[in-house]
file my_file.cif (mmCIF, C-alpha atoms)
data_upload
#
loop_
_atom_site.label_atom_id
_atom_site.label_comp_id
_atom_site.auth_asym_id
_atom_site.auth_seq_id
_atom_site.Cartn_x
_atom_site.Cartn_y
_atom_site.Cartn_z
CA MET A 1 15.18 -6.94 26.86
CA ASP A 2 12.19 -7.00 24.52
CA ALA A 3 11.20 -10.58 23.84
CA ARG A 4 9.57 -9.45 20.62
CA GLU A 5 12.98 -8.55 19.25
CA GLY A 6 14.51 -11.81 20.39
CA ILE A 7 17.59 -10.10 21.81
CA GLY A 8 18.57 -11.73 25.05
CA GLY A 9 14.92 -12.54 25.68
CA THR A 10 12.70 -15.61 25.50
CA LEU A 11 13.00 -15.90 21.71
CA ALA A 12 16.75 -16.38 21.72
CA GLY A 13 17.72 -19.57 19.94
CA LEU A 14 14.28 -20.20 18.45
CA ASP A 15 14.02 -21.33 14.84
CA LEU A 16 11.58 -18.57 14.02
CA ARG A 17 10.67 -19.84 10.59
CA ALA A 18 9.86 -23.30 11.93
CA GLU A 19 7.91 -21.85 14.86
CA ILE A 20 5.91 -19.54 12.60
CA ASP A 21 5.09 -22.49 10.35
CA ARG A 22 3.99 -24.50 13.38
CA LEU A 23 1.76 -21.71 14.66
CA ARG A 24 0.37 -21.08 11.18
CA LYS A 25 -0.94 -24.67 11.18
CA GLU A 26 -2.08 -24.66 14.82
CA ARG A 27 -3.93 -21.36 14.48
CA ASN A 28 -5.25 -22.13 10.98
CA ALA A 29 -3.70 -18.82 9.99
CA VAL A 30 -2.92 -17.16 6.68
CA ILE A 31 0.09 -14.85 6.56
CA LEU A 32 -0.05 -11.80 4.28
CA ALA A 33 2.90 -9.59 3.36
CA HIS A 34 2.85 -6.37 1.41
CA TYR A 35 5.50 -5.80 -1.27
CA TYR A 36 7.16 -3.22 1.02
CA GLN A 37 7.89 -5.74 3.78
CA LYS A 38 11.36 -7.12 4.51
CA PRO A 39 12.34 -10.05 2.23
CA GLU A 40 12.18 -12.62 5.03
CA LEU A 41 8.56 -11.69 5.74
CA GLN A 42 7.68 -11.80 2.04
CA ASP A 43 9.28 -15.24 1.76
CA ILE A 44 7.33 -16.76 4.65
CA ALA A 45 3.95 -15.30 3.64
CA ASP A 46 1.16 -17.27 2.00
CA PHE A 47 0.36 -14.28 -0.19
CA VAL A 48 2.46 -11.25 -1.20
CA GLY A 49 0.87 -8.30 -2.96
CA ASP A 50 -1.00 -5.01 -2.85
CA SER A 51 -3.03 -4.24 0.26
CA LEU A 52 -6.60 -4.70 -1.01
CA ASP A 53 -5.75 -7.70 -3.14
CA LEU A 54 -4.23 -9.36 -0.06
CA SER A 55 -7.33 -8.68 2.03
CA ARG A 56 -9.59 -10.14 -0.66
CA LYS A 57 -7.44 -13.26 -0.99
CA ALA A 58 -7.47 -13.77 2.78
CA ALA A 59 -11.26 -13.40 2.83
CA GLU A 60 -11.54 -16.23 0.31
CA THR A 61 -9.62 -18.66 2.53
CA ASP A 62 -11.01 -20.80 5.34
CA ALA A 63 -8.39 -19.43 7.74
CA ASP A 64 -9.45 -18.50 11.26
CA VAL A 65 -6.59 -16.01 11.68
CA ILE A 66 -5.09 -13.39 9.37
CA ALA A 67 -1.58 -12.20 10.22
CA PHE A 68 -1.04 -9.07 8.14
CA CYS A 69 2.57 -8.00 7.69
CA GLY A 70 1.90 -4.50 6.53
CA VAL A 71 0.56 -1.37 8.18
CA ARG A 72 -2.48 -0.71 10.32
CA PHE A 73 -4.91 0.51 7.63
CA MET A 74 -4.21 -2.67 5.63
CA ALA A 75 -5.02 -4.91 8.59
CA GLU A 76 -8.16 -2.86 9.21
CA THR A 77 -9.26 -3.47 5.62
CA ALA A 78 -8.72 -7.20 6.12
CA LYS A 79 -10.95 -7.06 9.20
CA VAL A 80 -13.63 -5.12 7.31
CA LEU A 81 -13.73 -7.84 4.65
CA SER A 82 -13.34 -10.75 7.12
CA PRO A 83 -15.18 -9.74 10.31
CA GLN A 84 -15.42 -13.35 11.49
CA LYS A 85 -11.65 -13.86 11.37
CA ILE A 86 -9.09 -12.79 13.97
CA VAL A 87 -6.75 -10.22 12.39
CA VAL A 88 -3.38 -9.54 13.99
CA LEU A 89 -0.74 -6.97 13.08
CA PRO A 90 2.83 -7.77 14.21
CA ASP A 91 3.37 -4.17 15.39
CA MET A 92 0.39 -1.91 16.10
CA ASP A 93 2.66 1.12 15.72
CA ALA A 94 3.03 0.29 12.01
CA GLY A 95 1.03 3.24 10.76
CA CYS A 96 1.10 5.28 7.54
CA SER A 97 1.99 8.90 6.84
CA LEU A 98 -1.01 9.20 4.50
CA GLU A 99 -3.34 7.90 7.20
CA ASP A 100 -1.77 10.29 9.71
CA SER A 101 -2.23 13.21 7.31
CA CYS A 102 -6.01 12.75 7.30
CA PRO A 103 -7.47 12.69 10.83
CA PRO A 104 -11.13 11.61 10.74
CA ASP A 105 -12.45 14.67 12.57
CA GLN A 106 -10.70 17.03 10.18
CA PHE A 107 -11.87 15.06 7.17
CA ALA A 108 -15.47 15.12 8.46
CA ALA A 109 -15.26 18.89 8.93
CA PHE A 110 -13.80 19.31 5.43
CA ARG A 111 -16.61 17.27 3.94
CA ALA A 112 -19.16 19.37 5.82
CA GLN A 113 -17.69 22.51 4.22
CA HIS A 114 -18.25 21.00 0.75
CA PRO A 115 -21.64 19.28 0.92
CA ASP A 116 -22.02 19.19 -2.88
CA HIS A 117 -18.87 17.06 -3.27
CA ILE A 118 -18.58 13.29 -3.08
CA ALA A 119 -15.44 11.84 -1.52
CA LEU A 120 -13.22 9.49 -3.52
CA THR A 121 -10.70 8.32 -0.97
CA TYR A 122 -7.49 6.41 -1.55
CA ILE A 123 -7.40 3.14 0.37
CA ASN A 124 -4.36 4.38 2.36
CA CYS A 125 -6.51 5.84 5.13
CA SER A 126 -8.03 4.81 8.46
CA VAL A 127 -11.20 2.77 8.75
CA GLU A 128 -12.87 5.88 10.21
CA VAL A 129 -12.05 7.89 7.07
CA LYS A 130 -13.24 5.02 4.87
CA ALA A 131 -16.55 5.19 6.74
CA LEU A 132 -16.76 8.92 5.98
CA SER A 133 -16.11 8.36 2.27
CA ASP A 134 -18.40 7.61 -0.66
CA ILE A 135 -16.09 5.44 -2.73
CA ILE A 136 -12.68 3.98 -1.86
CA VAL A 137 -10.18 3.76 -4.71
CA THR A 138 -6.84 2.10 -5.27
CA SER A 139 -4.14 3.44 -7.55
CA SER A 140 -5.21 0.86 -10.14
CA SER A 141 -8.98 1.45 -9.90
CA ALA A 142 -9.20 5.23 -9.48
CA GLU A 143 -9.20 6.17 -13.16
CA LYS A 144 -11.85 3.62 -14.08
CA ILE A 145 -14.05 4.83 -11.23
CA LEU A 146 -13.57 8.47 -12.21
CA SER A 147 -14.73 7.67 -15.74
CA GLN A 148 -18.08 6.48 -14.35
CA ILE A 149 -18.80 9.65 -12.34
CA PRO A 150 -20.64 12.44 -14.20
CA GLU A 151 -18.49 15.42 -15.14
CA SER A 152 -20.92 17.68 -13.30
CA GLN A 153 -20.33 15.90 -9.98
CA LYS A 154 -17.86 17.72 -7.74
CA ILE A 155 -15.25 15.50 -6.13
CA ILE A 156 -13.01 15.55 -3.08
CA PHE A 157 -9.95 13.31 -3.51
CA GLY A 158 -7.82 12.37 -0.55
CA PRO A 159 -5.62 11.79 1.24
CA ASP A 160 -2.78 11.61 -1.33
CA LYS A 161 -2.42 14.88 -3.22
CA HIS A 162 0.13 13.42 -5.63
CA LEU A 163 -2.09 10.54 -6.73
CA GLY A 164 -4.99 12.98 -6.96
CA GLY A 165 -2.87 15.43 -8.94
CA TYR A 166 -1.74 12.69 -11.30
CA LEU A 167 -5.35 11.68 -11.94
CA ARG A 168 -6.42 15.29 -12.35
CA ARG A 169 -3.74 15.93 -14.96
CA LYS A 170 -4.37 12.67 -16.80
CA THR A 171 -8.18 12.79 -16.86
CA GLY A 172 -8.81 16.54 -16.79
CA ARG A 173 -11.19 16.15 -13.84
CA ASP A 174 -11.18 19.13 -11.49
CA MET A 175 -10.97 17.58 -8.03
CA LEU A 176 -10.53 19.19 -4.65
CA LEU A 177 -7.40 17.56 -3.21
CA TRP A 178 -6.70 16.77 0.43
CA PRO A 179 -3.08 17.80 1.12
CA GLY A 180 -1.61 14.47 2.25
CA VAL A 181 1.62 12.82 1.06
CA CYS A 182 3.50 9.56 1.50
CA ILE A 183 6.83 10.32 3.19
CA VAL A 184 8.49 7.49 1.28
CA HIS A 185 7.56 8.69 -2.21
CA GLU A 186 8.03 12.32 -1.25
CA ALA A 187 11.70 11.56 -0.51
CA PHE A 188 12.71 10.85 -4.11
CA SER A 189 15.04 13.49 -5.55
CA GLU A 190 14.63 14.71 -9.13
CA THR A 191 18.28 15.81 -9.27
CA GLU A 192 19.57 12.43 -8.11
CA LEU A 193 17.14 10.62 -10.41
CA LEU A 194 18.47 12.57 -13.40
CA LYS A 195 22.03 11.63 -12.41
CA LEU A 196 21.00 7.99 -12.27
CA LYS A 197 19.27 8.22 -15.65
CA ALA A 198 22.46 9.68 -17.12
CA GLN A 199 24.42 6.70 -15.80
CA HIS A 200 21.84 4.29 -17.29
CA PRO A 201 20.49 6.09 -20.37
CA ASP A 202 18.67 3.04 -21.72
CA ALA A 203 16.94 2.15 -18.44
CA PRO A 204 13.27 3.11 -18.16
CA VAL A 205 11.85 4.51 -14.93
CA ALA A 206 8.83 2.90 -13.26
CA ALA A 207 7.18 5.08 -10.62
CA HIS A 208 4.28 4.86 -8.20
CA PRO A 209 1.73 7.70 -8.59
CA GLU A 210 2.26 8.66 -4.94
CA CYS A 211 5.53 10.24 -6.18
CA PRO A 212 5.53 14.02 -6.65
CA PRO A 213 5.11 15.41 -10.19
CA HIS A 214 8.81 16.23 -10.62
CA VAL A 215 9.53 12.50 -10.35
CA LEU A 216 6.56 11.33 -12.42
CA ASP A 217 7.64 13.71 -15.20
CA HIS A 218 10.61 11.39 -15.81
CA ALA A 219 8.71 8.10 -15.57
CA ASP A 220 8.21 5.76 -18.49
CA TYR A 221 5.63 3.79 -16.56
CA VAL A 222 3.31 4.92 -13.75
CA GLY A 223 1.43 2.30 -11.78
CA SER A 224 0.66 0.65 -8.47
CA THR A 225 3.05 -1.76 -6.81
CA SER A 226 1.50 -4.69 -8.70
CA GLY A 227 1.61 -2.73 -11.92
CA ILE A 228 5.28 -1.88 -11.43
CA LEU A 229 6.07 -5.52 -10.73
CA ASN A 230 4.27 -6.56 -13.92
CA PHE A 231 6.15 -3.90 -15.90
CA ALA A 232 9.45 -5.13 -14.46
CA GLN A 233 8.76 -8.57 -15.89
CA SER A 234 7.56 -7.37 -19.31
CA PHE A 235 9.72 -4.40 -20.35
CA PRO A 236 12.19 -5.35 -23.10
CA GLY A 237 15.40 -4.01 -21.54
CA ASP A 238 17.68 -5.45 -18.88
CA THR A 239 17.83 -2.57 -16.35
CA LEU A 240 14.98 -0.75 -14.61
CA ILE A 241 15.00 2.25 -12.27
CA VAL A 242 12.31 1.79 -9.62
CA ALA A 243 10.72 4.80 -7.89
CA THR A 244 8.77 3.25 -5.05
CA GLU A 245 9.63 1.62 -1.71
CA PRO A 246 12.68 -0.50 -2.55
CA HIS A 247 11.62 -3.74 -0.87
CA ILE A 248 9.49 -4.48 -3.96
CA ILE A 249 12.78 -5.16 -5.76
CA HIS A 250 12.96 -8.47 -3.88
CA GLN A 251 9.97 -9.76 -5.84
CA MET A 252 11.39 -8.39 -9.10
CA GLU A 253 14.68 -10.18 -8.58
CA LYS A 254 12.86 -13.42 -7.81
CA ALA A 255 10.67 -13.10 -10.91
CA VAL A 256 13.38 -12.07 -13.39
CA PRO A 257 16.83 -12.66 -11.84
CA GLU A 258 18.55 -11.94 -15.15
CA LYS A 259 17.48 -8.27 -15.01
CA THR A 260 18.97 -5.46 -12.93
CA PHE A 261 16.77 -3.26 -10.73
CA ILE A 262 17.98 0.01 -9.26
CA GLY A 263 16.10 1.88 -6.55
CA ALA A 264 15.57 5.55 -7.36
CA PRO A 265 17.66 7.70 -5.02
CA GLY A 266 16.61 10.03 -2.29
CA ALA A 267 18.06 13.47 -1.68
CA ASP A 268 21.24 11.99 -0.19
CA GLY A 269 21.97 10.05 -3.39
CA ASN A 270 20.87 6.64 -2.13
CA CYS A 271 17.55 4.98 -1.39
CA ASN A 272 17.93 4.37 2.36
CA CYS A 273 15.60 7.26 3.13
CA ASN A 274 12.98 5.67 0.89
CA ILE A 275 12.51 2.60 3.08
CA CYS A 276 9.14 2.97 4.80
CA PRO A 277 9.83 3.31 8.54
CA TYR A 278 6.35 2.00 9.38
CA MET A 279 6.65 -1.14 7.25
CA ALA A 280 10.09 -1.74 8.77
CA LEU A 281 8.57 -2.11 12.26
CA ASN A 282 7.35 -5.61 11.45
CA THR A 283 9.87 -8.39 12.07
CA MET A 284 9.94 -12.18 12.14
CA GLU A 285 10.07 -12.03 15.94
CA LYS A 286 6.97 -9.87 16.13
CA LEU A 287 5.14 -12.06 13.62
CA TYR A 288 5.91 -15.09 15.79
CA VAL A 289 4.63 -13.35 18.94
CA ALA A 290 1.48 -12.15 17.12
CA LEU A 291 0.66 -15.71 16.06
CA ARG A 292 1.55 -17.09 19.49
CA ASP A 293 -0.53 -14.60 21.49
CA LEU A 294 -3.07 -13.54 18.81
CA GLU A 295 -2.14 -9.98 19.70
CA PRO A 296 -2.00 -7.12 18.76
CA ARG A 297 -5.50 -7.66 17.40
CA ILE A 298 -7.53 -5.42 15.10
CA GLU A 299 -10.99 -4.72 16.49
CA ILE A 300 -13.61 -2.58 14.70
CA ALA A 301 -17.07 -1.68 15.96
CA GLU A 302 -19.69 -3.27 13.71
CA ASP A 303 -21.45 -0.03 12.73
CA LEU A 304 -18.12 1.50 11.73
CA ARG A 305 -17.12 -1.64 9.84
CA LEU A 306 -20.35 -1.65 7.83
CA LYS A 307 -19.95 1.99 6.85
CA ALA A 308 -16.38 1.36 5.71
CA GLN A 309 -17.48 -1.76 3.84
CA THR A 310 -20.09 0.25 1.94
CA SER A 311 -17.43 2.52 0.44
CA LEU A 312 -15.24 -0.48 -0.40
CA ASP A 313 -18.17 -2.36 -1.96
CA ARG A 314 -18.91 0.62 -4.21
CA MET A 315 -15.35 0.50 -5.52
CA LEU A 316 -15.51 -3.25 -6.13
CA ALA A 317 -18.82 -2.87 -7.94
CA MET A 318 -17.40 -0.16 -10.21
CA ALA A 319 -13.90 -1.49 -10.82
CA SER A 320 -13.35 -4.93 -9.33
CA GLY A 321 -11.47 -6.13 -12.41
CA THR A 322 -8.65 -3.67 -11.78
CA VAL A 323 -7.83 -4.75 -8.23
CA GLY A 324 -4.34 -6.21 -8.10
CA MET A 325 -3.64 -5.36 -11.75
CA GLY A 326 -2.17 -1.94 -11.11
CA ASP A 327 -1.95 -0.67 -14.67
CA LEU A 328 -2.32 3.10 -14.85
CA GLY A 329 -0.75 3.21 -18.29
CA PRO A 330 2.68 3.96 -19.68
CA VAL A 331 2.15 7.64 -20.45
CA PRO A 332 4.38 9.89 -18.30
CA VAL A 333 2.74 13.01 -16.93
CA THR A 334 3.85 16.59 -17.35
CA GLY A 335 2.92 19.83 -15.69
CA ASP A 336 2.73 21.08 -12.12
#

call {"tool": "encode", "arguments": {"input": "my_file.cif", "output": "structure tokens"}}
result
Amino acid sequence: MDAREGIGGTLAGLDLRAEIDRLRKERNAVILAHYYQKPELQDIADFVGDSLDLSRKAAETDADVIAFCGVRFMAETAKVLSPQKIVVLPDMDAGCSLEDSCPPDQFAAFRAQHPDHIALTYINCSVEVKALSDIIVTSSSAEKILSQIPESQKIIFGPDKHLGGYLRRKTGRDMLLWPGVCIVHEAFSETELLKLKAQHPDAPVAAHPECPPHVLDHADYVGSTSGILNFAQSFPGDTLIVATEPHIIHQMEKAVPEKTFIGAPGADGNCNCNICPYMALNTMEKLYVALRDLEPRIEIAEDLRLKAQTSLDRMLAMASGTVGMGDLGPVPVTGD
């Protein structure tokens, strides 16, 4: 049996929460959990939030170890910002469909074909792609950064074509889009969403801009995970339809338990297919083992780290005030 899963192995009978707390103190570790993690991981974390905001918060601590309950590109970003700290990821197979859609060699070749373009790259990408980019953006900072780039400058936007398309429609900027998608947000069904809206006619829809246009067309609010969480706490009604990975609803229910939150459905009429399979790989057992063994560990060559940090630093210089805020505005998009 796999001891990491604690089924018939060495972890059987352990009080995992107590052991994780013990190791957190012994290792001088900070535990980070993205909003898309399982509730038990969110509840044991020192910080819960968006990926870049978490990495920045961890960098500000005096921790020697960062345990990042998220996916690989997030842990890489934490290592880029905290090179002196040990960064562990509970499951190294926790990847990202957007990262997978943009292999570094293909992205480098694409850039070479368009030498007059600069690359604005969504943070959901590998450290190698970050190093090949000019400016990294988050869903909350992208519009502000775009507004500072001359209209005459040609732009490649990747890897998420839906976020890029949303920004292109909203700002009017003509960007060359890399054809990547998030499998979670791609799974939402317009037909099933319309059925749900009919059942709850007074409930607004909050959607992440990684959703395809046919979902964003029906959104009352479009924003990052932090932005959606803020909207959930501030909108005047009592029911909200949420079109992003459904584990964020845990934080909504904790913040405003008197409100009702409904995950937008997938093609099968429920939201099971919208749970990120990569995020789901992390477990309490694996977090315990990662803190115990300080493995799996994120390692990045220094020259690669510095190149990736340059693109991140440019974003922070241009739009640092937007990180973790997530507000892309309440205006729903229309069009293709």

call {"tool": "resolve_selection", "arguments": {"input": "my_file.cif", "expression": "the PyMOL selection byres ((chain A and resi 274) around 9)", "output": "short mmCIF file (atom, residue, chain, number, x, y, z; two decimals) with C-alpha atoms, keeping the file's coordinate frame"}}
result
data_model
loop_
_atom_site.label_atom_id
_atom_site.label_comp_id
_atom_site.auth_asym_id
_atom_site.auth_seq_id
_atom_site.Cartn_x
_atom_site.Cartn_y
_atom_site.Cartn_z
CA ILE A 183 6.83 10.32 3.19
CA VAL A 184 8.49 7.49 1.28
CA HIS A 185 7.56 8.69 -2.21
CA GLU A 186 8.03 12.32 -1.25
CA ALA A 187 11.70 11.56 -0.51
CA PHE A 188 12.71 10.85 -4.11
CA THR A 244 8.77 3.25 -5.05
CA GLU A 245 9.63 1.62 -1.71
CA PRO A 246 12.68 -0.50 -2.55
CA GLY A 263 16.10 1.88 -6.55
CA ALA A 264 15.57 5.55 -7.36
CA PRO A 265 17.66 7.70 -5.02
CA GLY A 266 16.61 10.03 -2.29
CA ASN A 270 20.87 6.64 -2.13
CA CYS A 271 17.55 4.98 -1.39
CA ASN A 272 17.93 4.37 2.36
CA CYS A 273 15.60 7.26 3.13
CA ILE A 275 12.51 2.60 3.08
CA CYS A 276 9.14 2.97 4.80
CA PRO A 277 9.83 3.31 8.54
#

call {"tool": "resolve_selection", "arguments": {"input": "my_file.cif", "expression": "the PyMOL selection byres ((chain A and resi 139-141) around 12)", "output": "ChimeraX atom specification"}}
result
/A:50-53,120-124,135-138,142-148,158,160,162-164,166-167,207-211,222-228,312,314-329

call {"tool": "resolve_selection", "arguments": {"input": "my_file.cif", "expression": "the PyMOL selection byres ((chain A and resi 179) around 9)", "output": "PyMOL selection string"}}
result
chain A and resi 101-102+158-162+177-178+180-181

call {"tool": "residues_around", "arguments": {"input": "my_file.cif", "residues": "Glu19 (chain A)", "least_positions_apart": "5", "cutoff": "9 Å", "atoms": "all atoms listed in the file", "output": "PyMOL selection string"}}
result
chain A and resi 14+24+288

call {"tool": "residues_around", "arguments": {"input": "my_file.cif", "residues": "Leu291 (chain A)", "least_positions_apart": "6", "cutoff": "8 Å", "atoms": "all atoms listed in the file", "output": "ChimeraX atom specification"}}
result
/A:20,23-24,27,67,88

call {"tool": "residues_near_point", "arguments": {"input": "my_file.cif", "point": "(16.3, -11.2, -10.9)", "cutoff": "12 Å", "atoms": "all atoms listed in the file", "output": "ChimeraX atom specification"}}
result
/A:229,232-233,238-240,248-262

call {"tool": "closest_atom_pairs", "arguments": {"input": "my_file.cif", "of": "region 216-259 of chain A", "to": "region 191-204 of chain A", "cutoff": "9 Å", "atoms": "all atoms listed in the file", "output": "Markdown table"}}
result
| residue | atom | partner | partner_atom | distance |
| --- | --- | --- | --- | --- |
| A:His218 | CA | A:Leu194 | CA | 8.3 |
| A:Ala219 | CA | A:Pro204 | CA | 7.2 |
| A:Asp220 | CA | A:Pro204 | CA | 5.7 |
| A:Tyr221 | CA | A:Pro204 | CA | 7.8 |
| A:Phe235 | CA | A:Pro204 | CA | 8.6 |
| A:Gly237 | CA | A:Ala203 | CA | 7.1 |
| A:Asp238 | CA | A:Ala203 | CA | 7.6 |
| A:Thr239 | CA | A:Ala203 | CA | 5.2 |
| A:Leu240 | CA | A:Ala203 | CA | 5.2 |
| A:Ile241 | CA | A:Pro204 | CA | 6.2 |
| A:Val242 | CA | A:Pro204 | CA | 8.7 |

call {"tool": "atom_distance", "arguments": {"input": "my_file.cif", "atom1": "CA of Lys130 (chain A)", "atom2": "CA of Ser311 (chain A)"}}
result
6.6 Å

call {"tool": "closest_residue", "arguments": {"input": "my_file.cif", "among": "A:Asp313, A:Leu41, A:Leu304, A:Leu16", "to": "Leu132 (chain A)", "atoms": "only C-alpha atoms"}}
result
A:Leu304

call {"tool": "closest_residue", "arguments": {"input": "my_file.cif", "among": "A:Gln37, A:Leu89, A:Arg111, A:Val215", "to": "Leu176 (chain A)", "atoms": "all atoms listed in the file"}}
result
A:Arg111

call {"tool": "atom_distance", "arguments": {"input": "my_file.cif", "atom1": "CA of Leu54 (chain A)", "atom2": "CA of Ile66 (chain A)"}}
result
10.3 Å

call {"tool": "closest_residue", "arguments": {"input": "my_file.cif", "among": "A:Asp43, A:Thr77, A:Pro90, A:Pro103", "to": "Arg17 (chain A)", "atoms": "only C-alpha atoms"}}
result
A:Asp43

call {"tool": "closest_residue", "arguments": {"input": "my_file.cif", "among": "A:Asp134, A:Ile155, A:Ala29, A:His34", "to": "Ala63 (chain A)", "atoms": "all atoms listed in the file"}}
result
A:Ala29

call {"tool": "closest_residue", "arguments": {"input": "my_file.cif", "among": "A:Val129, A:Ala12, A:Arg173, A:Ser97", "to": "Phe110 (chain A)", "atoms": "all atoms listed in the file"}}
result
A:Val129

call {"tool": "residues_around", "arguments": {"input": "my_file.cif", "residues": "Asn282 (chain A)", "least_positions_apart": "4", "cutoff": "10 Å", "atoms": "all atoms listed in the file", "output": "PyMOL selection string"}}
result
chain A and resi 37-38+41+68-71+89-94+277-278+286-287

call {"tool": "residues_around", "arguments": {"input": "my_file.cif", "residues": "Val65 (chain A)", "least_positions_apart": "5", "cutoff": "7 Å", "atoms": "only C-alpha atoms", "output": "list in words"}}
result
Arg27, Asn28, Ala29, Val30, Lys85, Ile86 and Val87 of chain A

call {"tool": "write_last_selection", "arguments": {"input": "my_file.cif", "atoms": "C-alpha atoms", "output": "mmCIF file, keeping the file's coordinate frame"}}
result
data_model
loop_
_atom_site.group_PDB
_atom_site.id
_atom_site.type_symbol
_atom_site.label_atom_id
_atom_site.label_comp_id
_atom_site.auth_asym_id
_atom_site.auth_seq_id
_atom_site.Cartn_x
_atom_site.Cartn_y
_atom_site.Cartn_z
ATOM 1 C CA ARG A 27 -3.930 -21.360 14.480
ATOM 2 C CA ASN A 28 -5.250 -22.130 10.980
ATOM 3 C CA ALA A 29 -3.700 -18.820 9.990
ATOM 4 C CA VAL A 30 -2.920 -17.160 6.680
ATOM 5 C CA LYS A 85 -11.650 -13.860 11.370
ATOM 6 C CA ILE A 86 -9.090 -12.790 13.970
ATOM 7 C CA VAL A 87 -6.750 -10.220 12.390
#

call {"tool": "closest_residue", "arguments": {"input": "my_file.cif", "among": "A:Asp64, A:Glu128, A:Val48, A:Glu302", "to": "Lys25 (chain A)", "atoms": "only C-alpha atoms"}}
result
A:Asp64

call {"tool": "atom_distance", "arguments": {"input": "my_file.cif", "atom1": "CA of Glu285 (chain A)", "atom2": "CA of Asp21 (chain A)"}}
result
12.9 Å
